[in-house]
$ cat coords.cif   # mmCIF, C-alpha atoms
data_protein
loop_
_atom_site.label_atom_id
_atom_site.label_comp_id
_atom_site.auth_asym_id
_atom_site.auth_seq_id
_atom_site.Cartn_x
_atom_site.Cartn_y
_atom_site.Cartn_z
CA MET A 107 0.85 5.02 -33.25
CA ARG A 108 -2.45 3.64 -34.50
CA ILE A 109 -5.36 1.68 -33.06
CA PHE A 110 -7.75 -0.32 -35.26
CA ARG A 111 -11.05 -1.87 -34.16
CA SER A 112 -11.66 -4.32 -37.02
CA LEU A 113 -10.03 -6.02 -40.00
CA ALA A 114 -12.03 -3.69 -42.27
CA GLU A 115 -10.23 -0.68 -40.78
CA LEU A 116 -6.76 -2.02 -41.54
CA PRO A 117 -4.75 0.06 -44.03
CA GLY A 118 -2.70 -1.53 -46.75
CA ASP A 119 0.51 -0.50 -44.97
CA PHE A 120 -0.21 -2.29 -41.67
CA GLY A 121 2.63 -4.75 -42.34
CA PRO A 122 5.23 -6.04 -42.58
CA CYS A 123 5.35 -6.37 -38.83
CA ALA A 124 6.65 -8.14 -35.80
CA ILE A 125 3.50 -8.91 -33.85
CA THR A 126 2.37 -10.42 -30.58
CA ILE A 127 -1.04 -11.98 -29.93
CA GLY A 128 -2.93 -12.23 -26.66
CA ASN A 129 -5.56 -10.80 -24.36
CA PHE A 130 -2.91 -8.80 -22.43
CA ASP A 131 -5.38 -7.90 -19.69
CA GLY A 132 -3.71 -5.39 -17.39
CA VAL A 133 -0.57 -5.19 -19.59
CA HIS A 134 1.49 -6.40 -16.61
CA ILE A 135 5.30 -6.68 -16.43
CA GLY A 136 5.25 -10.05 -18.20
CA HIS A 137 3.32 -8.54 -21.11
CA GLN A 138 5.66 -5.55 -21.10
CA GLN A 139 8.65 -7.86 -21.56
CA ILE A 140 7.00 -9.26 -24.70
CA MET A 141 6.26 -5.76 -26.04
CA ARG A 142 9.87 -4.68 -25.61
CA ARG A 143 11.04 -7.76 -27.49
CA VAL A 144 8.53 -7.13 -30.32
CA ALA A 145 9.70 -3.52 -30.61
CA ALA A 146 13.36 -4.60 -30.67
CA ILE A 147 12.79 -7.15 -33.47
CA ALA A 148 10.72 -4.68 -35.49
CA HIS A 149 13.37 -1.97 -35.12
CA GLU A 150 16.14 -4.37 -36.12
CA HIS A 151 14.41 -5.29 -39.41
CA GLY A 152 12.69 -2.00 -40.24
CA TRP A 153 9.21 -3.47 -39.65
CA LYS A 154 6.33 -2.14 -37.60
CA ALA A 155 5.81 -3.32 -34.01
CA ALA A 156 2.24 -4.56 -33.64
CA ALA A 157 -0.08 -6.22 -31.14
CA LEU A 158 -3.28 -8.19 -31.75
CA THR A 159 -5.79 -8.40 -28.93
CA PHE A 160 -9.48 -9.28 -28.73
CA ASP A 161 -12.81 -7.77 -27.69
CA PRO A 162 -14.67 -9.33 -26.05
CA HIS A 163 -12.38 -11.71 -24.21
CA PRO A 164 -12.70 -15.01 -26.16
CA THR A 165 -13.92 -16.85 -23.06
CA LYS A 166 -17.00 -14.61 -22.94
CA LEU A 167 -18.10 -16.13 -26.23
CA VAL A 168 -17.00 -19.76 -25.90
CA ALA A 169 -17.45 -20.31 -22.14
CA PRO A 170 -19.27 -17.33 -20.57
CA ALA A 171 -19.46 -18.88 -17.11
CA ARG A 172 -15.65 -18.95 -16.96
CA ALA A 173 -15.05 -15.48 -18.38
CA PRO A 174 -12.77 -13.42 -16.11
CA ARG A 175 -13.54 -9.95 -14.82
CA LEU A 176 -11.18 -7.69 -16.74
CA LEU A 177 -8.57 -5.34 -15.33
CA THR A 178 -8.65 -3.07 -18.38
CA THR A 179 -11.06 -1.98 -21.08
CA PRO A 180 -9.95 -2.57 -24.68
CA GLU A 181 -9.16 1.14 -25.01
CA GLN A 182 -7.06 1.19 -21.82
CA ARG A 183 -5.26 -1.94 -22.97
CA ALA A 184 -4.46 -0.40 -26.35
CA ARG A 185 -3.07 2.78 -24.75
CA LEU A 186 -0.87 0.75 -22.42
CA LEU A 187 0.43 -1.36 -25.32
CA LEU A 188 1.34 1.77 -27.27
CA ASP A 189 3.16 3.08 -24.18
CA GLN A 190 5.40 -0.02 -24.38
CA GLY A 191 6.75 0.84 -27.82
CA ILE A 192 4.08 -0.80 -29.98
CA ASP A 193 3.28 1.11 -33.19
CA GLU A 194 -0.05 -0.50 -34.13
CA VAL A 195 -2.76 -2.26 -32.15
CA LEU A 196 -5.58 -4.29 -33.68
CA ILE A 197 -8.49 -4.89 -31.30
CA LEU A 198 -10.10 -7.76 -33.20
CA PRO A 199 -13.83 -8.32 -32.55
CA PHE A 200 -14.04 -11.92 -31.32
CA THR A 201 -17.10 -13.10 -33.23
CA PRO A 202 -18.49 -16.61 -33.84
CA GLU A 203 -16.87 -16.44 -37.29
CA VAL A 204 -13.44 -15.76 -35.79
CA ALA A 205 -14.02 -18.48 -33.16
CA ARG A 206 -14.69 -21.04 -35.92
CA LEU A 207 -11.40 -20.45 -37.73
CA THR A 208 -9.02 -23.39 -37.54
CA PRO A 209 -5.47 -22.62 -36.44
CA GLU A 210 -4.27 -22.68 -40.04
CA GLU A 211 -7.16 -20.51 -41.28
CA PHE A 212 -6.36 -17.97 -38.54
CA VAL A 213 -2.72 -17.86 -39.60
CA HIS A 214 -3.41 -17.82 -43.34
CA GLU A 215 -6.30 -15.33 -43.38
CA ILE A 216 -5.37 -12.98 -40.54
CA LEU A 217 -1.74 -13.21 -39.46
CA SER A 218 -0.21 -13.70 -42.89
CA GLY A 219 -2.93 -12.39 -45.20
CA LYS A 220 -4.22 -9.28 -43.39
CA LEU A 221 -1.40 -8.32 -41.04
CA GLY A 222 1.74 -9.17 -42.97
CA ALA A 223 3.40 -10.90 -40.02
CA ARG A 224 7.12 -11.56 -40.35
CA ALA A 225 7.77 -12.47 -36.70
CA VAL A 226 5.15 -13.60 -34.16
CA LEU A 227 5.80 -13.60 -30.41
CA VAL A 228 3.52 -15.38 -27.94
CA GLY A 229 3.53 -16.63 -24.38
CA ASP A 230 4.23 -20.30 -23.70
CA ASN A 231 0.56 -20.85 -22.71
CA PHE A 232 -0.77 -19.41 -25.98
CA ARG A 233 -3.75 -21.19 -27.57
CA PHE A 234 -5.59 -20.26 -30.77
CA GLY A 235 -8.03 -21.47 -33.39
CA ASN A 236 -11.34 -23.30 -33.10
CA ARG A 237 -11.70 -25.00 -29.69
CA ALA A 238 -8.19 -23.69 -28.85
CA ALA A 239 -6.78 -26.50 -31.01
CA GLY A 240 -3.53 -24.68 -31.74
CA ASP A 241 -0.69 -23.99 -29.32
CA ALA A 242 2.65 -22.20 -29.52
CA LEU A 243 4.37 -25.18 -31.15
CA ALA A 244 1.63 -25.42 -33.80
CA LEU A 245 2.10 -21.71 -34.48
CA GLN A 246 5.82 -22.34 -34.94
CA GLU A 247 5.12 -25.04 -37.53
CA LEU A 248 2.62 -22.86 -39.41
CA GLY A 249 5.09 -19.98 -39.36
CA GLY A 250 7.49 -22.06 -41.45
CA LYS A 251 4.75 -22.55 -44.03
CA TYR A 252 3.51 -18.96 -44.13
CA GLY A 253 6.77 -17.06 -43.94
CA PHE A 254 7.19 -15.84 -40.39
CA SER A 255 9.36 -16.78 -37.44
CA THR A 256 7.84 -17.63 -34.07
CA GLU A 257 9.32 -16.79 -30.71
CA ILE A 258 7.89 -18.26 -27.51
CA ILE A 259 8.28 -16.09 -24.40
CA HIS A 260 8.17 -17.85 -21.04
CA ALA A 261 6.28 -16.44 -18.07
CA ILE A 262 8.23 -14.41 -15.56
CA SER A 263 7.95 -14.56 -11.79
CA TRP A 264 8.43 -12.15 -8.92
CA ARG A 265 9.36 -13.50 -5.47
CA GLY A 266 8.19 -16.96 -6.40
CA ARG A 267 4.90 -15.80 -7.98
CA ILE A 268 4.19 -16.35 -11.66
CA ILE A 269 3.04 -12.99 -13.01
CA SER A 270 -0.42 -13.37 -14.53
CA SER A 271 -3.60 -11.35 -14.98
CA SER A 272 -5.52 -13.78 -12.77
CA GLU A 273 -2.94 -13.44 -9.96
CA ILE A 274 -3.26 -9.65 -10.17
CA ARG A 275 -7.07 -9.79 -10.07
CA GLN A 276 -6.93 -11.94 -6.93
CA SER A 277 -4.47 -9.56 -5.27
CA ILE A 278 -6.63 -6.49 -5.97
CA GLU A 279 -9.81 -8.18 -4.79
CA ALA A 280 -7.98 -9.21 -1.60
CA GLY A 281 -6.92 -5.60 -0.96
CA GLN A 282 -3.26 -6.35 -1.72
CA VAL A 283 -2.88 -3.35 -4.02
CA SER A 284 0.85 -2.88 -3.27
CA LEU A 285 1.50 -6.40 -4.54
CA ALA A 286 -0.67 -5.79 -7.60
CA CYS A 287 1.31 -2.60 -8.26
CA ARG A 288 4.58 -4.56 -8.37
CA MET A 289 3.16 -7.14 -10.78
CA LEU A 290 1.58 -4.49 -13.02
CA GLY A 291 4.61 -2.24 -12.98
CA ARG A 292 2.29 0.66 -12.05
CA PRO A 293 -0.59 1.28 -9.62
CA TYR A 294 -3.98 -0.25 -10.33
CA ALA A 295 -6.39 2.57 -11.17
CA LEU A 296 -10.15 3.04 -11.41
CA GLU A 297 -11.45 5.55 -13.94
CA GLY A 298 -14.83 7.21 -14.23
CA ARG A 299 -17.12 10.17 -13.62
CA VAL A 300 -17.40 12.21 -10.44
CA VAL A 301 -21.03 11.95 -9.33
CA PRO A 302 -23.02 13.61 -6.51
CA GLY A 303 -22.88 11.80 -3.19
CA ALA A 304 -25.38 11.75 -0.36
CA GLY A 305 -24.03 15.07 0.95
CA ILE A 306 -23.20 13.56 4.33
CA GLY A 307 -19.44 13.88 4.07
CA SER A 308 -19.33 17.62 3.44
CA LYS A 309 -21.63 18.23 6.43
CA GLN A 310 -20.60 15.64 9.04
CA THR A 311 -17.16 14.23 8.19
CA VAL A 312 -14.96 15.40 5.28
CA PRO A 313 -15.84 16.34 1.67
CA THR A 314 -15.11 13.69 -0.93
CA LEU A 315 -15.15 13.06 -4.68
CA ASN A 316 -17.50 10.18 -5.45
CA LEU A 317 -16.38 7.99 -8.33
CA GLU A 318 -18.73 6.12 -10.65
CA THR A 319 -16.77 3.51 -12.59
CA LYS A 320 -17.49 0.73 -15.06
CA ALA A 321 -14.43 -1.23 -13.92
CA GLU A 322 -15.01 -4.96 -13.51
CA VAL A 323 -12.32 -5.51 -10.87
CA LEU A 324 -12.69 -3.51 -7.66
CA PRO A 325 -10.42 -3.50 -4.62
CA LYS A 326 -11.73 -5.18 -1.48
CA THR A 327 -13.83 -2.87 0.69
CA GLY A 328 -11.69 -0.73 2.96
CA VAL A 329 -9.58 2.40 3.14
CA TYR A 330 -6.60 2.97 0.83
CA ILE A 331 -3.85 5.50 0.24
CA THR A 332 -4.39 6.70 -3.33
CA ARG A 333 -3.37 9.28 -5.89
CA THR A 334 -6.11 10.99 -7.86
CA HIS A 335 -5.68 12.40 -11.38
CA GLU A 336 -8.07 14.52 -13.37
CA GLN A 337 -8.68 12.89 -16.73
CA ASN A 338 -7.45 14.92 -19.72
CA SER A 339 -5.46 17.38 -17.58
CA SER A 340 -2.27 17.45 -15.53
CA ARG A 341 -3.99 18.08 -12.19
CA GLU A 342 -3.35 15.44 -9.54
CA TRP A 343 -3.63 15.12 -5.78
CA PRO A 344 -2.44 12.78 -3.03
CA SER A 345 -5.57 11.27 -1.58
CA ILE A 346 -7.23 8.66 0.60
CA THR A 347 -10.11 6.54 -0.67
CA ASN A 348 -12.83 4.47 0.96
CA VAL A 349 -14.35 1.60 -1.01
CA GLY A 350 -17.43 0.40 0.80
CA TYR A 351 -20.99 0.79 2.01
CA ARG A 352 -20.79 3.65 4.56
CA PRO A 353 -21.94 1.48 7.49
CA THR A 354 -21.85 4.41 9.93
CA PHE A 355 -24.68 5.96 7.89
CA ASN A 356 -26.44 2.63 7.17
CA GLY A 357 -25.47 2.81 3.50
CA HIS A 358 -26.43 0.07 1.07
CA GLY A 359 -24.92 0.63 -2.38
CA LEU A 360 -21.16 0.38 -2.87
CA THR A 361 -19.43 3.76 -3.08
CA ILE A 362 -15.89 4.86 -3.92
CA GLU A 363 -15.21 8.09 -2.01
CA THR A 364 -11.94 9.99 -2.28
CA PHE A 365 -10.69 12.73 0.02
CA LEU A 366 -7.98 14.95 -1.47
CA LEU A 367 -5.02 15.69 0.83
CA SER A 368 -4.11 18.91 -0.93
CA ALA A 369 -6.37 21.84 -1.76
CA LEU A 370 -8.65 21.59 -4.76
CA GLU A 371 -8.11 24.84 -6.61
CA GLY A 372 -10.46 25.75 -9.42
CA GLU A 373 -13.42 23.70 -10.55
CA SER A 374 -14.12 20.22 -9.26
CA PRO A 375 -12.99 17.56 -11.78
CA GLU A 376 -15.67 15.84 -13.83
CA GLU A 377 -13.68 12.67 -14.63
CA ILE A 378 -10.92 11.18 -12.52
CA SER A 379 -8.54 8.25 -12.26
CA VAL A 380 -7.81 6.92 -8.76
CA GLU A 381 -4.57 4.96 -8.31
CA PHE A 382 -4.54 2.53 -5.38
CA LEU A 383 -1.15 2.57 -3.65
CA ARG A 384 -1.52 0.96 -0.22
CA TRP A 385 -4.09 -0.71 2.02
CA VAL A 386 -4.83 1.18 5.27
CA ARG A 387 -7.65 -0.58 7.14
CA GLU A 388 -10.97 -2.38 6.97
CA GLU A 389 -14.16 -0.37 6.63
CA ARG A 390 -16.16 -0.48 9.86
CA LYS A 391 -19.15 1.09 11.56
CA PHE A 392 -18.48 3.88 14.06
CA PRO A 393 -20.80 4.89 16.90
CA SER A 394 -21.11 8.43 15.56
CA PRO A 395 -20.10 10.64 12.62
CA GLU A 396 -17.73 12.50 14.95
CA GLU A 397 -15.78 9.33 15.75
CA LEU A 398 -15.67 8.45 12.06
CA LYS A 399 -14.28 11.90 11.30
CA THR A 400 -11.58 11.40 13.96
CA GLN A 401 -10.61 8.10 12.33
CA ILE A 402 -10.55 9.67 8.86
CA LEU A 403 -8.18 12.37 10.10
CA HIS A 404 -5.97 9.65 11.58
CA ASP A 405 -6.04 7.85 8.20
CA VAL A 406 -5.12 11.14 6.53
CA GLY A 407 -2.09 11.44 8.82
CA ARG A 408 -0.92 7.96 7.78
CA ALA A 409 -1.37 8.88 4.12
CA GLN A 410 0.56 12.14 4.51
CA ALA A 411 3.43 10.25 6.19
CA PHE A 412 3.41 7.75 3.29
CA PHE A 413 3.73 10.52 0.69
CA ARG A 414 6.50 12.26 2.68
CA ARG A 415 8.50 9.01 2.80
CA ARG A 416 7.89 8.50 -0.90
CA ALA A 417 9.08 12.02 -1.73
CA ARG A 418 12.28 11.48 0.29
CA LYS A 419 13.05 8.22 -1.53
CA LEU A 420 12.52 9.87 -4.92
CA PHE A 421 14.76 12.78 -3.86
CA GLN A 422 17.50 10.37 -2.75
CA ILE A 423 17.29 8.47 -6.04
CA GLY A 424 17.54 11.77 -7.92
CA VAL A 425 20.59 12.88 -5.93
CA ASN A 426 22.36 9.56 -6.43
#
$ encode --input "coords.cif" --output "structure tokens"
Amino acid sequence: MRIFRSLAELPGDFGPCAITIGNFDGVHIGHQQIMRRVAAIAHEHGWKAAALTFDPHPTKLVAPARAPRLLTTPEQRARLLLDQGIDEVLILPFTPEVARLTPEEFVHEILSGKLGARAVLVGDNFRFGNRAAGDALALQELGGKYGFSTEIIHAISWRGRIISSSEIRQSIEAGQVSLACRMLGRPYALEGRVVPGAGIGSKQTVPTLNLETKAEVLPKTGVYITRTHEQNSSREWPSITNVGYRPTFNGHGLTIETFLLSALEGESPEEISVEFLRWVREERKFPSPEELKTQILHDVGRAQAFFRRRARKLFQIGVN
């Protein structure tokens, strides 16, 4: 499994490959369906399974005002693609030179010339080349000329919703993290460093881990049931997390504060990932720290009940 950050890094044995092209932000269940198909075709023919994605998102260069906030960093995206059975990921720098390539130049110079594509799989809304002049049908025509087959994968839906990165962003920002989890095929998570807080929690309410993250998409302010993982270790804890401004203490800057439901043994983690599982309530101002602490303990009880129910369901699935 290999990740490359430029065309210059590509080895001579990158191809032949079955490859898919896209931004794949979030690597949701629709993207995962494409990855499984790429891996199956590659395995059938003895090729490599590959994915081509871009950094930055092309819209940031060609129409910055319309550029979406991203669910995943390029590195997170690459890891998730590899988890879906992809052998090689090229994170292609989207430069003005790449943006100026015509659809045929993109196919000739990159897909065929550099990557050795034998089969190319794309979504039905795929656009490529200068000014997005090429679409999936144009790619199909060019494939006949440059020696690869093209397969167009249609979007999938869940309960009447078309699965898309934009739909997932909207769900997360509305606090609907359970819905986002179903569309992603996993919980949405924020990663980052644990930083010192104001010290109020440990003295007046409950001690928390304070997350500093570079994530572009944040859940709506409020309280959530979460699971917290220490980065680069197997330690994890059921938890409850507040995203907000600490109105009881007249806070101003946004904070992400996580209270662990099980004992923290050993040293405090330096880097964590917080998975958002379920919305609990809105953040609100309490008359006193004591009343806030009472509410937090009530929230903790709801979270503990959630994890007990979850454990029973997993046990029942295991037994059956």
$ atom_distance --input "coords.cif" --atom1 "atom CA of Gly298 of chain A" --atom2 "atom CA of Val283 of chain A"
18.9 Å
$ residues_near_point --input "coords.cif" --point "(-5.0, -19.7, -38.3)" --cutoff "12 Å" --atoms "only C-alpha atoms" --output "PDB file with C-alpha atoms, in the frame of the given file"
ATOM      1  CA  VAL A 204     -13.440 -15.760 -35.790  1.00  0.00           C
ATOM      2  CA  ALA A 205     -14.020 -18.480 -33.160  1.00  0.00           C
ATOM      3  CA  ARG A 206     -14.690 -21.040 -35.920  1.00  0.00           C
ATOM      4  CA  LEU A 207     -11.400 -20.450 -37.730  1.00  0.00           C
ATOM      5  CA  THR A 208      -9.020 -23.390 -37.540  1.00  0.00           C
ATOM      6  CA  PRO A 209      -5.470 -22.620 -36.440  1.00  0.00           C
ATOM      7  CA  GLU A 210      -4.270 -22.680 -40.040  1.00  0.00           C
ATOM      8  CA  GLU A 211      -7.160 -20.510 -41.280  1.00  0.00           C
ATOM      9  CA  PHE A 212      -6.360 -17.970 -38.540  1.00  0.00           C
ATOM     10  CA  VAL A 213      -2.720 -17.860 -39.600  1.00  0.00           C
ATOM     11  CA  HIS A 214      -3.410 -17.820 -43.340  1.00  0.00           C
ATOM     12  CA  GLU A 215      -6.300 -15.330 -43.380  1.00  0.00           C
ATOM     13  CA  ILE A 216      -5.370 -12.980 -40.540  1.00  0.00           C
ATOM     14  CA  LEU A 217      -1.740 -13.210 -39.460  1.00  0.00           C
ATOM     15  CA  SER A 218      -0.210 -13.700 -42.890  1.00  0.00           C
ATOM     16  CA  GLY A 219      -2.930 -12.390 -45.200  1.00  0.00           C
ATOM     17  CA  LYS A 220      -4.220  -9.280 -43.390  1.00  0.00           C
ATOM     18  CA  ARG A 233      -3.750 -21.190 -27.570  1.00  0.00           C
ATOM     19  CA  PHE A 234      -5.590 -20.260 -30.770  1.00  0.00           C
ATOM     20  CA  GLY A 235      -8.030 -21.470 -33.390  1.00  0.00           C
ATOM     21  CA  ASN A 236     -11.340 -23.300 -33.100  1.00  0.00           C
ATOM     22  CA  ALA A 238      -8.190 -23.690 -28.850  1.00  0.00           C
ATOM     23  CA  ALA A 239      -6.780 -26.500 -31.010  1.00  0.00           C
ATOM     24  CA  GLY A 240      -3.530 -24.680 -31.740  1.00  0.00           C
ATOM     25  CA  ASP A 241      -0.690 -23.990 -29.320  1.00  0.00           C
ATOM     26  CA  ALA A 242       2.650 -22.200 -29.520  1.00  0.00           C
ATOM     27  CA  ALA A 244       1.630 -25.420 -33.800  1.00  0.00           C
ATOM     28  CA  LEU A 245       2.100 -21.710 -34.480  1.00  0.00           C
ATOM     29  CA  GLN A 246       5.820 -22.340 -34.940  1.00  0.00           C
ATOM     30  CA  GLU A 247       5.120 -25.040 -37.530  1.00  0.00           C
ATOM     31  CA  LEU A 248       2.620 -22.860 -39.410  1.00  0.00           C
ATOM     32  CA  GLY A 249       5.090 -19.980 -39.360  1.00  0.00           C
ATOM     33  CA  LYS A 251       4.750 -22.550 -44.030  1.00  0.00           C
ATOM     34  CA  TYR A 252       3.510 -18.960 -44.130  1.00  0.00           C
TER      35      TYR A 252
END
$ closest_residue --input "coords.cif" --among "A:Gly191, A:Gly350, A:Pro344, A:Pro174" --to "Ala411 of chain A" --atoms "all atoms listed in the file"
A:Pro344
$ residues_around --input "coords.cif" --residues "segment 158-160 of chain A" --least-positions-apart "6" --cutoff "7 Å" --atoms "all atoms listed in the file" --output "VMD selection string"
chain A and resid 126 to 129 195 to 200
$ closest_residue --input "coords.cif" --among "A:Val406, A:Ile135, A:Ile346, A:Ala155" --to "Ile268 of chain A" --atoms "all atoms listed in the file"
A:Ile135
$ resolve_selection --input "coords.cif" --expression "the PyMOL selection byres ((chain A and resi 330-338) around 8)" --output "mmCIF file with C-alpha atoms, in the frame of the given file"
data_model
loop_
_atom_site.group_PDB
_atom_site.id
_atom_site.type_symbol
_atom_site.label_atom_id
_atom_site.label_comp_id
_atom_site.auth_asym_id
_atom_site.auth_seq_id
_atom_site.Cartn_x
_atom_site.Cartn_y
_atom_site.Cartn_z
ATOM 1 C CA GLY A 328 -11.690 -0.730 2.960
ATOM 2 C CA VAL A 329 -9.580 2.400 3.140
ATOM 3 C CA SER A 339 -5.460 17.380 -17.580
ATOM 4 C CA SER A 340 -2.270 17.450 -15.530
ATOM 5 C CA ARG A 341 -3.990 18.080 -12.190
ATOM 6 C CA GLU A 342 -3.350 15.440 -9.540
ATOM 7 C CA TRP A 343 -3.630 15.120 -5.780
ATOM 8 C CA PRO A 344 -2.440 12.780 -3.030
ATOM 9 C CA SER A 345 -5.570 11.270 -1.580
ATOM 10 C CA ILE A 346 -7.230 8.660 0.600
ATOM 11 C CA THR A 347 -10.110 6.540 -0.670
ATOM 12 C CA ASN A 348 -12.830 4.470 0.960
ATOM 13 C CA LEU A 366 -7.980 14.950 -1.470
ATOM 14 C CA PRO A 375 -12.990 17.560 -11.780
ATOM 15 C CA GLU A 376 -15.670 15.840 -13.830
ATOM 16 C CA GLU A 377 -13.680 12.670 -14.630
ATOM 17 C CA ILE A 378 -10.920 11.180 -12.520
ATOM 18 C CA SER A 379 -8.540 8.250 -12.260
ATOM 19 C CA VAL A 380 -7.810 6.920 -8.760
ATOM 20 C CA GLU A 381 -4.570 4.960 -8.310
ATOM 21 C CA PHE A 382 -4.540 2.530 -5.380
ATOM 22 C CA LEU A 383 -1.150 2.570 -3.650
ATOM 23 C CA ARG A 384 -1.520 0.960 -0.220
ATOM 24 C CA TRP A 385 -4.090 -0.710 2.020
ATOM 25 C CA VAL A 386 -4.830 1.180 5.270
ATOM 26 C CA ARG A 387 -7.650 -0.580 7.140
ATOM 27 C CA ALA A 409 -1.370 8.880 4.120
#
$ closest_residue --input "coords.cif" --among "A:Arg108, A:Lys391, A:His163, A:His134" --to "Arg292 of chain A" --atoms "only C-alpha atoms"
A:His134
$ closest_residue --input "coords.cif" --among "A:Ala124, A:Val312, A:Ala369, A:Leu420" --to "Glu396 of chain A" --atoms "only C-alpha atoms"
A:Val312
$ resolve_selection --input "coords.cif" --expression "the PyMOL selection byres ((chain A and resi 228) around 9)" --output "number ranges by chain"
A: 125-128, 140, 226-227, 229-232, 242, 256-260
$ resolve_selection --input "coords.cif" --expression "the PyMOL selection byres ((chain A and resi 276) around 12)" --output "list in words"
Pro174, Arg175, Leu176, Leu177, Ile269, Ser270, Ser271, Ser272, Glu273, Ile274, Arg275, Ser277, Ile278, Glu279, Ala280, Gly281, Gln282, Val283, Leu285, Ala286, Met289, Val323, Leu324, Pro325 and Lys326 of chain A
$ residues_around --input "coords.cif" --residues "Glu194 of chain A" --least-positions-apart "5" --cutoff "6 Å" --atoms "only C-alpha atoms" --output "tab-separated table (two decimals) with C-alpha atoms, keeping the file's coordinate frame"
chain	number	residue	atom	x	y	z
A	107	MET	CA	0.85	5.02	-33.25
A	108	ARG	CA	-2.45	3.64	-34.50
A	109	ILE	CA	-5.36	1.68	-33.06
A	156	ALA	CA	2.24	-4.56	-33.64
$ closest_residue --input "coords.cif" --among "A:Gln138, A:Gly121, A:Val133, A:Ile262" --to "Leu221 of chain A" --atoms "only C-alpha atoms"
A:Gly121
$ closest_residue --input "coords.cif" --among "A:His358, A:Leu317, A:Gly136, A:Glu322" --to "Ser263 of chain A" --atoms "only C-alpha atoms"
A:Gly136
